[in-house]
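The next block is run_21.csv, given as CSV, C-alpha atoms and all ligand atoms.
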```csv
chain,number,residue,atom,x,y,z
A,835,MET,CA,-32.5,175.7,173.7
A,836,VAL,CA,-28.9,174.4,173.7
A,837,ASP,CA,-27.8,176.9,176.3
A,838,GLY,CA,-30.5,175.8,178.7
A,839,PHE,CA,-30.2,172.0,178.5
A,840,GLY,CA,-28.0,171.4,181.5
A,841,SER,CA,-29.4,174.0,183.9
A,842,GLY,CA,-32.3,174.8,186.2
A,843,GLY,CA,-33.8,178.3,186.8
A,844,PRO,CA,-34.3,181.0,184.2
A,845,ARG,CA,-32.0,179.5,181.6
A,846,HIS,CA,-34.0,176.3,181.7
A,847,TRP,CA,-37.3,178.0,181.4
A,848,ARG,CA,-36.1,180.3,178.6
A,849,ALA,CA,-35.0,177.1,176.8
A,850,ARG,CA,-38.4,175.4,177.3
A,851,LEU,CA,-40.2,178.4,176.0
A,852,ALA,CA,-37.9,178.6,172.9
A,853,ARG,CA,-38.6,174.9,172.4
A,854,GLY,CA,-42.3,175.4,172.5
A,855,ARG,CA,-42.1,178.2,170.0
A,856,ARG,CA,-39.9,176.3,167.6
A,857,GLU,CA,-42.2,173.2,167.8
A,858,ALA,CA,-45.2,175.3,167.0
A,859,TRP,CA,-43.4,176.9,164.0
A,860,LEU,CA,-42.2,173.5,162.7
A,861,THR,CA,-45.6,171.9,163.1
A,862,GLY,CA,-47.0,174.6,160.8
A,863,LEU,CA,-44.2,174.1,158.4
A,864,VAL,CA,-44.7,170.3,158.2
A,865,ARG,CA,-48.4,170.9,157.5
A,866,GLN,CA,-47.6,173.4,154.7
A,867,VAL,CA,-45.2,171.0,153.1
A,868,ARG,CA,-47.8,168.3,153.2
A,869,ASP,CA,-50.6,170.5,151.7
A,870,GLY,CA,-48.2,171.9,149.1
A,871,THR,CA,-48.2,175.6,150.2
A,872,THR,CA,-44.5,175.3,150.9
A,873,THR,CA,-41.9,173.2,149.2
A,874,ALA,CA,-38.9,171.6,151.1
A,875,SER,CA,-35.7,170.9,149.2
A,876,ALA,CA,-35.5,167.2,148.2
A,877,GLY,CA,-33.5,165.3,150.8
A,878,SER,CA,-33.6,168.0,153.4
A,879,ALA,CA,-34.5,167.1,157.0
A,880,LEU,CA,-37.9,168.8,156.5
A,881,ASP,CA,-38.6,166.8,153.3
A,882,VAL,CA,-37.6,163.5,154.9
A,883,VAL,CA,-39.5,163.9,158.2
A,884,ALA,CA,-42.7,165.4,156.6
A,885,GLY,CA,-42.8,162.5,154.1
A,886,HIS,CA,-41.9,159.7,156.5
A,887,ARG,CA,-44.3,156.8,156.8
A,888,ASP,CA,-44.4,154.3,159.7
A,889,ALA,CA,-44.6,150.5,159.4
A,890,ASP,CA,-48.3,150.8,158.7
A,891,GLY,CA,-47.8,153.4,156.0
A,892,ASP,CA,-49.1,156.3,158.1
A,893,PRO,CA,-47.4,159.7,158.3
A,894,LEU,CA,-46.2,161.0,161.7
A,895,ASP,CA,-48.7,163.4,163.2
A,896,ALA,CA,-47.5,167.0,162.5
A,897,ARG,CA,-46.5,167.6,166.1
A,898,THR,CA,-44.4,164.5,166.4
A,899,ALA,CA,-42.8,165.3,163.0
A,900,ALA,CA,-41.9,168.8,164.4
A,901,VAL,CA,-40.3,167.2,167.5
A,902,GLU,CA,-38.2,164.9,165.4
A,903,LEU,CA,-37.1,167.7,163.1
A,904,LEU,CA,-36.1,169.7,166.2
A,905,ASN,CA,-34.1,166.6,167.4
A,906,VAL,CA,-32.0,167.0,164.3
A,907,ILE,CA,-31.8,170.9,164.2
A,908,ARG,CA,-31.1,171.5,167.9
A,909,PRO,CA,-27.9,169.3,168.3
A,910,THR,CA,-26.7,170.4,164.9
A,911,ALA,CA,-26.9,174.0,166.0
A,912,ALA,CA,-25.0,173.0,169.2
A,913,VAL,CA,-21.9,172.3,167.1
A,914,ALA,CA,-21.5,176.1,167.0
A,915,TRP,CA,-20.3,175.8,170.6
A,916,TYR,CA,-17.5,173.6,169.4
A,917,VAL,CA,-16.7,176.1,166.6
A,918,ALA,CA,-16.3,178.8,169.3
A,919,PHE,CA,-13.9,176.5,171.1
A,920,ALA,CA,-12.1,175.9,167.8
A,921,ALA,CA,-11.7,179.7,167.4
A,922,HIS,CA,-10.4,179.8,171.0
A,923,ALA,CA,-7.8,177.1,170.2
A,924,LEU,CA,-6.7,178.9,167.0
A,925,HIS,CA,-6.3,182.1,169.0
A,926,ARG,CA,-4.2,180.4,171.7
A,927,ARG,CA,-2.3,178.3,169.2
A,928,PRO,CA,-1.8,180.3,165.9
A,929,ASP,CA,0.7,177.6,164.8
A,930,GLN,CA,-2.3,175.3,164.2
A,931,ARG,CA,-3.7,177.6,161.5
A,932,LYS,CA,-1.3,176.6,158.6
A,933,ALA,CA,-2.2,172.9,158.4
A,934,LEU,CA,-5.9,173.8,158.4
A,935,ARG,CA,-5.3,176.5,155.7
A,936,ASP,CA,-3.4,174.1,153.6
A,937,GLY,CA,-6.3,171.8,153.5
A,938,ASP,CA,-4.6,168.9,155.3
A,939,GLU,CA,-7.6,166.7,155.9
A,940,ALA,CA,-6.0,164.3,158.4
A,941,HIS,CA,-4.9,167.3,160.5
A,942,ALA,CA,-8.4,168.9,160.3
A,943,GLU,CA,-9.9,165.7,161.5
A,944,ALA,CA,-7.4,165.4,164.4
A,945,PHE,CA,-7.9,169.1,165.2
A,946,ALA,CA,-11.7,168.5,165.5
A,947,GLN,CA,-11.0,165.5,167.8
A,948,GLU,CA,-8.6,167.5,170.0
A,949,VAL,CA,-11.2,170.3,170.3
A,950,ARG,CA,-13.7,167.7,171.5
A,951,ARG,CA,-11.1,166.3,174.0
A,952,PHE,CA,-9.7,169.5,175.3
A,953,TYR,CA,-12.8,171.7,175.7
A,954,PRO,CA,-15.6,170.8,178.0
A,955,PHE,CA,-19.0,171.1,176.2
A,956,ALA,CA,-20.7,169.0,178.9
A,957,PRO,CA,-18.1,168.4,181.6
A,958,PHE,CA,-20.1,165.4,182.9
A,959,VAL,CA,-23.2,163.4,181.9
A,960,GLY,CA,-25.6,161.7,184.3
A,961,GLY,CA,-27.9,158.7,184.5
A,962,ARG,CA,-29.9,156.5,187.0
A,963,ALA,CA,-28.9,153.0,187.8
A,964,VAL,CA,-31.7,150.8,186.5
A,965,ARG,CA,-30.9,148.0,188.9
A,966,ASP,CA,-28.5,147.3,191.9
A,967,LEU,CA,-25.0,146.9,190.6
A,968,SER,CA,-21.4,147.2,191.6
A,969,TRP,CA,-18.6,149.0,189.7
A,970,ALA,CA,-14.9,148.6,190.6
A,971,GLY,CA,-16.0,147.3,194.0
A,972,GLU,CA,-18.4,150.2,194.7
A,973,ARG,CA,-22.0,149.2,195.4
A,974,ILE,CA,-24.5,151.3,193.4
A,975,PRO,CA,-28.1,150.8,194.6
A,976,GLN,CA,-30.9,150.9,192.0
A,977,GLY,CA,-32.1,154.5,191.3
A,978,SER,CA,-28.8,156.1,192.3
A,979,LEU,CA,-27.7,159.1,190.2
A,980,VAL,CA,-24.5,158.2,188.5
A,981,LEU,CA,-22.3,160.9,187.0
A,982,LEU,CA,-19.7,160.2,184.3
A,983,ASP,CA,-16.7,162.6,184.7
A,984,VAL,CA,-16.2,163.4,181.0
A,985,TYR,CA,-13.8,166.3,181.6
A,986,GLY,CA,-11.8,164.1,184.0
A,987,GLN,CA,-11.6,161.2,181.6
A,988,HIS,CA,-10.3,163.6,178.9
A,989,HIS,CA,-7.6,165.1,181.2
A,990,ASP,CA,-6.4,162.0,183.0
A,991,PRO,CA,-2.6,161.9,182.9
A,992,ASP,CA,-2.7,158.0,183.0
A,993,LEU,CA,-4.6,158.1,179.7
A,994,TRP,CA,-3.3,161.1,177.9
A,995,ASP,CA,0.3,162.4,177.5
A,996,GLU,CA,0.4,166.0,178.7
A,997,PRO,CA,-3.4,166.3,178.9
A,998,TYR,CA,-3.5,170.0,179.4
A,999,THR,CA,-1.6,170.7,176.1
A,1000,PHE,CA,-3.7,171.2,173.1
A,1001,ASN,CA,-2.1,168.8,170.6
A,1002,PRO,CA,-4.1,167.5,167.6
A,1003,GLY,CA,-1.0,165.4,166.7
A,1004,ARG,CA,-2.2,162.8,169.3
A,1005,PHE,CA,-5.1,161.9,167.0
A,1006,VAL,CA,-3.3,162.0,163.6
A,1007,GLY,CA,-3.6,158.7,161.8
A,1008,ARG,CA,-5.6,156.8,164.4
A,1009,GLU,CA,-9.2,156.1,165.4
A,1010,PRO,CA,-9.8,156.7,169.2
A,1011,GLY,CA,-11.0,153.6,171.0
A,1012,ALA,CA,-14.8,153.2,171.8
A,1013,PHE,CA,-14.4,154.3,175.4
A,1014,GLU,CA,-11.4,156.6,175.1
A,1015,LEU,CA,-12.8,159.9,173.7
A,1016,ILE,CA,-16.3,160.3,175.1
A,1017,PRO,CA,-17.7,163.8,174.7
A,1018,GLN,CA,-20.7,162.3,173.0
A,1019,GLY,CA,-20.9,159.1,175.0
A,1020,GLY,CA,-19.0,155.8,174.8
A,1021,GLY,CA,-19.4,152.4,173.2
A,1022,ASP,CA,-21.3,151.6,170.0
A,1023,PRO,CA,-24.1,153.9,168.9
A,1024,ARG,CA,-25.8,150.9,167.1
A,1025,SER,CA,-26.3,149.0,170.4
A,1026,GLY,CA,-26.1,151.7,173.1
A,1027,HIS,CA,-27.0,155.4,173.6
A,1028,ARG,CA,-23.8,156.9,172.3
A,1029,CYS,CA,-24.6,160.0,170.2
A,1030,PRO,CA,-25.5,158.9,166.7
A,1031,GLY,CA,-24.6,162.5,165.5
A,1032,GLU,CA,-20.9,162.2,166.2
A,1033,GLY,CA,-20.0,161.8,162.5
A,1034,ILE,CA,-22.1,164.9,161.6
A,1035,THR,CA,-20.5,166.8,164.5
A,1036,LEU,CA,-16.9,165.9,163.4
A,1037,THR,CA,-17.6,166.8,159.7
A,1038,LEU,CA,-19.1,170.1,160.6
A,1039,LEU,CA,-16.4,171.0,163.1
A,1040,ARG,CA,-13.4,170.1,160.9
A,1041,THR,CA,-15.0,171.9,157.9
A,1042,LEU,CA,-15.8,175.0,159.9
A,1043,ALA,CA,-12.5,175.0,161.7
A,1044,ALA,CA,-10.7,175.0,158.3
A,1045,ARG,CA,-13.0,177.8,157.1
A,1046,LEU,CA,-12.2,179.8,160.2
A,1047,ALA,CA,-8.4,179.3,159.7
A,1048,LEU,CA,-8.8,180.9,156.2
A,1049,LEU,CA,-10.2,184.1,157.6
A,1050,ASP,CA,-8.1,187.1,158.5
A,1051,TYR,CA,-9.5,188.7,161.6
A,1052,ASP,CA,-8.6,190.6,164.7
A,1053,VAL,CA,-9.7,189.4,168.1
A,1054,PRO,CA,-10.8,192.5,170.1
A,1055,GLU,CA,-10.4,192.7,173.9
A,1056,GLN,CA,-12.9,190.3,175.5
A,1057,ASP,CA,-13.4,187.7,178.2
A,1058,LEU,CA,-12.2,184.4,176.8
A,1059,THR,CA,-12.2,182.6,180.2
A,1060,ILE,CA,-14.2,179.3,180.1
A,1061,SER,CA,-16.1,178.4,183.3
A,1062,LEU,CA,-16.2,174.8,184.4
A,1063,ARG,CA,-19.2,175.5,186.5
A,1064,ARG,CA,-21.6,176.1,183.6
A,1065,ILE,CA,-23.2,173.5,181.3
A,1066,PRO,CA,-22.9,173.9,178.4
A,1067,THR,CA,-19.9,176.1,178.8
A,1068,ARG,CA,-18.1,178.3,176.3
A,1069,PRO,CA,-15.8,181.4,176.3
A,1070,ALA,CA,-17.5,184.0,178.5
A,1071,SER,CA,-17.7,186.5,175.6
A,1072,GLY,CA,-18.5,183.8,173.0
A,1073,PHE,CA,-15.8,184.4,170.4
A,1074,VAL,CA,-16.0,187.9,169.0
A,1075,LEU,CA,-13.9,188.5,165.9
A,1076,THR,CA,-13.5,191.5,163.5
A,1077,LEU,CA,-12.9,190.5,159.9
A,1078,LEU,CA,-9.9,192.3,158.2
A,1079,LYS,CA,-10.8,191.6,154.6
A,1080,SER,CA,-14.0,192.5,152.8
A,1081,ALA,CA,-14.1,189.0,151.2
A,1082,ILE,CA,-13.5,185.5,152.4
A,1083,PRO,CA,-10.5,184.1,150.4
A,1084,SER,CA,-11.2,181.0,148.2
A,1085,PRO,CA,-9.9,177.8,149.8
A,1086,PRO,CA,-7.2,175.8,148.0
A,1087,ALA,CA,-8.5,173.1,145.6
A,1088,SER,CA,-7.6,170.3,148.0
A,1089,SER,CA,-9.3,171.9,150.9
A,1090,PRO,CA,-12.3,170.2,152.5
A,1091,VAL,CA,-13.9,173.6,152.6
A,1092,THR,CA,-16.3,174.0,149.7
A,1093,ALA,CA,-18.2,177.2,150.4
A,1094,GLY,CA,-15.4,179.7,150.5
A,1095,LYS,CA,-16.6,182.2,147.9
A,1096,ARG,CA,-19.5,183.8,149.8
A,1097,PRO,CA,-19.2,187.6,150.2
A,1098,GLY,CA,-17.6,188.4,153.5
A,1099,ARG,CA,-19.1,190.5,156.3
A,1100,SER,CA,-17.4,193.4,157.8
A,1101,GLY,CA,-17.6,194.3,161.5
A,1102,PRO,CA,-17.7,192.1,164.6
A,1103,ALA,CA,-19.2,188.6,164.3
A,1104,SER,CA,-20.0,186.3,167.2
A,1105,PHE,CA,-20.8,182.6,167.5
B,1201,LIG,C1,-22.2,169.6,170.1
B,1201,LIG,C2,-22.4,168.4,169.5
B,1201,LIG,C3,-23.0,167.3,170.2
B,1201,LIG,C4,-22.8,166.8,171.5
B,1201,LIG,C5,-21.8,167.4,172.6
B,1201,LIG,C6,-23.6,165.7,171.7
B,1201,LIG,C7,-23.6,164.9,172.9
B,1201,LIG,C8,-24.5,163.9,173.1
B,1201,LIG,C9,-24.4,163.1,174.3
B,1201,LIG,C10,-23.5,163.3,175.5
B,1201,LIG,C11,-25.4,162.1,174.2
B,1201,LIG,C12,-25.8,161.0,175.2
B,1201,LIG,C13,-24.8,159.8,175.1
B,1201,LIG,C14,-25.1,158.8,176.1
B,1201,LIG,O1,-26.1,158.8,176.8
B,1201,LIG,O2,-24.3,157.8,176.2
B,1201,LIG,C15,-26.1,162.3,172.9
B,1201,LIG,C16,-27.1,161.6,172.4
B,1201,LIG,C17,-27.8,161.8,171.2
B,1201,LIG,N1,-27.4,162.7,170.2
B,1201,LIG,FE1,-25.8,164.0,170.4
B,1201,LIG,N2,-24.4,165.4,170.6
B,1201,LIG,C18,-24.0,166.4,169.6
B,1201,LIG,C19,-24.5,166.5,168.3
B,1201,LIG,C20,-25.5,165.7,167.8
B,1201,LIG,C21,-26.0,165.8,166.5
B,1201,LIG,C22,-25.4,166.7,165.4
B,1201,LIG,C23,-27.0,164.9,166.4
B,1201,LIG,C24,-27.9,164.6,165.2
B,1201,LIG,C25,-28.2,165.4,164.2
B,1201,LIG,C26,-27.2,164.3,167.7
B,1201,LIG,C27,-28.2,163.3,168.0
B,1201,LIG,C28,-28.3,162.7,169.2
B,1201,LIG,C29,-29.3,161.7,169.5
B,1201,LIG,C30,-30.5,161.3,168.6
B,1201,LIG,C31,-29.0,161.2,170.8
B,1201,LIG,C32,-29.8,160.1,171.6
B,1201,LIG,C33,-29.1,158.7,171.4
B,1201,LIG,C34,-29.8,157.7,172.2
B,1201,LIG,O3,-30.3,157.9,173.3
B,1201,LIG,O4,-29.8,156.5,171.8
B,1201,LIG,N3,-26.3,164.8,168.5
B,1201,LIG,N4,-25.5,163.4,172.3
```

Representation of the structure as structure tokens:
Amino acid sequence: MVDGFGSGGPRHWRARLARGRREAWLTGLVRQVRDGTTTASAGSALDVVAGHRDADGDPLDARTAAVELLNVIRPTAAVAWYVAFAAHALHRRPDQRKALRDGDEAHAEAFAQEVRRFYPFAPFVGGRAVRDLSWAGERIPQGSLVLLDVYGQHHDPDLWDEPYTFNPGRFVGREPGAFELIPQGGGDPRSGHRCPGEGITLTLLRTLAARLALLDYDVPEQDLTISLRRIPTRPASGFVLTLLKSAIPSPPASSPVTAGKRPGRSGPASF
């Protein structure tokens, strides 16, 4: 579903079919939670959406509930694309590993921000002009397709010092402005369409990047080129790694990583 969001053709149709299958599955799951044949953990997305009541006190119909659940699950799974970029960054810049391993939270946050600036998940986003308008002297008739060059914004030398250098330091100790870093839209999510999942994305990404930095792995020969012609893009081979240890080491006490004691997997793993 994530892979097909910005394309036409077979990828798009594969994504639509996957979406239909997941909606049917989740519709059944919502019904089972409601009739008690399945239990959902308290506070989970399934629990909240299945139990939601509208202003009149009515539950969502099961199909709508399934669509809403998928609206949470699908973009959350998309964060895996950023995790593959984080692995790519750690591969190219092994010097970045130490601060993440040491549990430096300010660095982990800045690292996650720099991954979102440096790597193009969606190189541009599009919309239609809802009325005639002008922008910087350019007339834009109603109905025009307008593209926002997200990749260009993030690599503009007038805005960023050495934009093609991966440098989390540029974000340490400061909040980016509302229109400065825009991989998930710009402005205020409470009054516009900026992605409301940005906080979730950042938390997942900085936690998983720190977890990745704790692993000892080899990176076998593979194609790590990143196409700018594909939406969403990622390293061509994903990011294949081979774990060197049989167990994932425990994180230090101050680390933001909390789930470090799971048994490790051996053999290649891919995002
Ligand atoms: C890889 C991670 C993500 C990326 C790249 C991403 C990107 C975006 C973008 C570009 C928009 C449109 C912004 C605009 O039109 O100005 C958007 C909207 C949205 N995103 Fe995300 N997002 C991500 C993760 C999430 C997560 C984790 C959630 C929630 C669990 C989420 C929920 C939403 C919703 C509900 C909207 C629609 C907002 C609206 O139209 O008012 N996203 N996202």

Around the point (-40.0, 170.3, 153.4) (coordinates from the file), which residues reach within 12 Å if we count all atoms listed in the file? Answer as number ranges by chain.
A: 860-886, 899-900, 903

Distance query segment 907-917 of chain A at most 9 Å, all atoms listed in the file, self and fewer than 2 positions along chain excluded, as number ranges by chain:
A: 835-837, 879, 902-905, 919-922, 946, 949-950, 953, 955, 1031, 1034-1036, 1038-1040, 1042-1043, 1046, 1066-1068, 1072, 1105

Go through A:Arg1024, A:His941, A:Arg965, A:Arg1008 one by one, measure the shortest atom-to-atom distance of each to ligand LIG 1201 (chain B) using all atoms listed in the file, and give the residue with the smallest value.
A:Arg1024

From the set A:Gly1019, A:Ala1012, A:Ala923, A:Ala956, which residue has the shortest atom-to-atom contact distance to Thr999 of chain A, counting only C-alpha atoms?
A:Ala923

Neighbourhood query: residues within 12 Å of (-10.5, 149.1, 175.8), file coordinates, counting only C-alpha atoms; return as an MDAnalysis selection string.
chainID A and resid 993 1010:1015 1020:1021

Suppose you want the space between atom C27 of ligand LIG 1201 (chain B) and atom CA of Asp966 of chain A; what is it in Å?
28.8 Å
